[in-house]
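Chemist: This structure is in C-alpha cells; I'll ask about it shortly.
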Amino acid sequence: MTHFSQTDFDVRLEWGAKAVEHLAADADCIVIIDVMSFSTCVSIATDSGATVYPYPWKDASAQQYAVARDAQCAQFDRRFQGPGFTLSPCSLQEISAGTRLVLPSPNGSALTFAARTHDAAIFTACFRNLTATARACEKYQRILLIPAGEKWPDNSLRPAIEDLAAAGGLVARLPHRVISPEARAARAVYDNLPLAELEQCGSARELLRRGFAADVGLCLQEDVSDFACPLQGEFFTAVSGA
C-alpha cells in the first residue's frame, strides 16, 4: 500500500473500512466521521454525561454485550417516539448523565471496533464538535480522518458527502499541518459547499422522506459542542476541547 499510504503527510484521509485496514497502523490518531447519524448521536449523548459503547451488529449479541457491561442497548430501528434510545439524535437529547448506552451501528460503530485493534487514539467527530475535535487532535503527529460513508443495498461503500464535508471542516481547523491531497480535497468541499445545501444530500433526503427532518437539523449544527469524543477503552466519552 506504499503508493496510497499518505505517509508523507501529517493529516491523511481515506474512506471506510479499507482506511482502517490499510492506513490505521501508521496513525497516532484516528477520527471516525459518520454524520448521519452515529457520530452526532455520540456527541449529543456524551455532552449530557452519558457513555456510549459502539457495537457493530444489530442482533441479539448487542443485547448480550450491553448486559455484560451493565448498560442498556439502543433500539435497532430509528423511530419517531416511544421509550428508549435509537440511532436517532433526537432520541438522545434527554439522555441522563451516567447512562451507559450500547449503540449498534454498521458504519461508525463497526469502524470503531476495527480501529481498536491499532495502537492509536480514536475519536468520533461530526459537525457539532469540529473545533473541539481539532484541538484534541493537535497533539498528535499522524492524523487519519476516516469518513465512514454509507452502504449500498449490496453492502458496498457509498461515499457520503456529509462525512467528507465534516472531514474537510476538521482539516480547515488544522491549518499548520502538512495535509495530503485527499484531505485537501475534503477541505475544498467544506469551503465551497454551504452547510444548508447538505439538507438535500442523499443521506439527508433519505431521512427527510422517512419523517426525520429534526434529526437532519441536529446533524447539520456546526460547533455547538465544546467537547471532543475520545474512545476510552470500550466507550466514548466527552472531553473538553479547550
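Every chain in the C-alpha cells has a letter given in the order shown (A, B, ...), and although residue numbers restart at 1 in each chain, ligands are simply numbered from 1 in the order shown.
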If we count only C-alpha atoms and set the cut-off at 9 Å, which residues sit around Glu14 (chain A), ignoring sequence neighbours fewer than 4 positions away in its own chain? Please answer as a list of chain:residue names.

Modeler: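 My list of contacting residues is A:Lys18, A:Ala19, A:Val20, A:Leu23, A:Leu144, A:Leu145, A:Ile146, A:Pro147, A:Glu182, A:Ala183.
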
Chemist: Find the residues near region 162-173 of chain A: any atom within 6 Å, counting only C-alpha atoms, skip ones fewer than 5 places away on the same chain, and give them as number ranges by chain.

Modeler: A: 33-35, 127, 130, 134, 147, 186-187, 189-190

Chemist: Run DSSP on the backbone and tell me which residues of region 2-240 of chain A come out as strand (DSSP E); list them as JSON, numbers by chain.

Modeler: {"A": [11, 12, 13, 29, 30, 31, 32, 33, 51, 52, 53, 54, 55, 72, 73, 100, 101, 102, 103, 104, 121, 122, 123, 124, 125, 143, 144, 145, 146, 147, 150, 151, 157, 158, 227, 228, 229, 230, 231, 232, 235, 236, 239, 240]}

Chemist: Which of these, A:Ala110, A:Ala17, A:Ala25, A:Val102, has the shortest distance to Val52 (chain A) once you count only C-alpha atoms?

Modeler: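 Among the listed residues, the smallest separation from Val52 (chain A) belongs to A:Val102.
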
Chemist: Compare A:Leu87, A:Val31, A:Leu13, A:Leu92 by their minimum atom-to-atom distance to Ala228 (chain A), counting only C-alpha atoms, and give me the closest one.

Modeler: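 With only C-alpha atoms as the atom set, the closest residue is A:Val31.
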
Chemist: Closest to Arg78 (chain A) among A:Cys29, A:Leu207, A:Ile122, A:Ile161, using only C-alpha atoms?

Modeler: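 With only C-alpha atoms as the atom set, the closest residue is A:Leu207.
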
Chemist: Considering only C-alpha atoms, state which residue in the set A:Ser203, A:Thr7, A:Gln232, A:Ser91 is at the smallest distance from Ile179 (chain A).

Modeler: A:Thr7

Chemist: Tell me, as a PyMOL selection string, which residues lie within 6 Å of Gly149 (chain A), counting only C-alpha atoms; anything in the same chain fewer than 2 positions away does not count.

Modeler: chain A and resi 147+158-160

Chemist: Output the selection as a short mmCIF file (atom, residue, chain, number, x, y, z; two decimals), in the first residue's frame - C-alpha atoms for each residue.

Modeler:
data_model
loop_
_atom_site.label_atom_id
_atom_site.label_comp_id
_atom_site.auth_asym_id
_atom_site.auth_seq_id
_atom_site.Cartn_x
_atom_site.Cartn_y
_atom_site.Cartn_z
CA PRO A 147 -15.30 9.49 6.61
CA ARG A 158 -21.49 4.61 -0.68
CA PRO A 159 -19.32 7.71 -0.16
CA ALA A 160 -21.40 10.24 1.78
#

Chemist: Using only C-alpha atoms, which residue out of A:Cys90, A:Arg209, A:Leu103, A:Ile95 lies closest to Ala74 (chain A)?

Modeler: A:Leu103

Chemist: Just to confirm, what's the straight-line distance from CA of Ser37 (chain A) to CA of Ser88 (chain A) in Å (one decimal)?

Modeler: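 Separation of CA of Ser37 (chain A) and CA of Ser88 (chain A): 6.8 Å.
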
Chemist: Mind checking which residues fall within 12 Å of Lys58 (chain A), counting only C-alpha atoms, ignoring those fewer than 5 positions away in the same chain, and posting them as an MDAnalysis selection string?

Modeler: chainID A and resid 63:65 73:77 86:87 102:107 109:110

Chemist: Can you spit out the residues from that selection as an mmCIF file, in the first residue's frame, using C-alpha atoms?

Modeler:
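Final output, part_14.cif:
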data_model
loop_
_atom_site.group_PDB
_atom_site.id
_atom_site.type_symbol
_atom_site.label_atom_id
_atom_site.label_comp_id
_atom_site.auth_asym_id
_atom_site.auth_seq_id
_atom_site.Cartn_x
_atom_site.Cartn_y
_atom_site.Cartn_z
ATOM 1 C CA GLN A 63 -28.169 -7.072 23.950
ATOM 2 C CA GLN A 64 -25.729 -9.571 25.442
ATOM 3 C CA TYR A 65 -22.876 -7.087 25.021
ATOM 4 C CA CYS A 73 -28.863 -1.253 24.343
ATOM 5 C CA ALA A 74 -30.295 1.252 21.896
ATOM 6 C CA GLN A 75 -33.243 0.048 19.846
ATOM 7 C CA PHE A 76 -32.193 -1.154 16.410
ATOM 8 C CA ASP A 77 -34.817 0.801 14.443
ATOM 9 C CA THR A 86 -32.179 4.689 18.945
ATOM 10 C CA LEU A 87 -29.702 5.787 16.276
ATOM 11 C CA VAL A 102 -24.580 0.408 23.687
ATOM 12 C CA LEU A 103 -25.152 1.947 20.256
ATOM 13 C CA PRO A 104 -25.224 -0.603 17.416
ATOM 14 C CA SER A 105 -24.253 0.870 14.048
ATOM 15 C CA PRO A 106 -22.976 -0.829 10.886
ATOM 16 C CA ASN A 107 -20.860 2.201 9.948
ATOM 17 C CA SER A 109 -19.518 1.565 15.381
ATOM 18 C CA ALA A 110 -18.101 -1.037 13.015
#

Chemist: Skip Gly241 (chain A) itself and residues of its chain fewer than 2 positions away, then list as a VMD selection string all residues within 8 Å of it, counting only C-alpha atoms.

Modeler: chain A and resid 131 to 136 226 to 228 239

Chemist: Where in region 17-172 of chain A does DSSP assign helix (DSSP H, G or I), given as an NGL selection string?

Modeler: :A and (17-26 or 38-47 or 60-68 or 89-92 or 108-115 or 127-137 or 161-172)

Chemist: Can you tell me how far CA of Ala71 (chain A) sits from CA of Ala45 (chain A), in Å to one decimal?

Modeler: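 Going from CA of Ala71 (chain A) over to CA of Ala45 (chain A), I get 13.8 Å.
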
Chemist: Got a sec: who's within 9 Å of Ser48 (chain A), counting only C-alpha atoms, leaving out chain neighbours fewer than 2 positions off, as a list in words?

Modeler: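 Selected residues are Ser43, Ile44, Ala45, Thr46, Ala50, Gln93, Glu94, Ile95, Ser96, Ala97, Gly98 and Ala238 of chain A.
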
Chemist: Which distance in Å separates CA of Cys219 (chain A) and CA of Leu198 (chain A), to one decimal?

Modeler: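 Value for the CA of Cys219 (chain A)-CA of Leu198 (chain A) distance: 10.0 Å.
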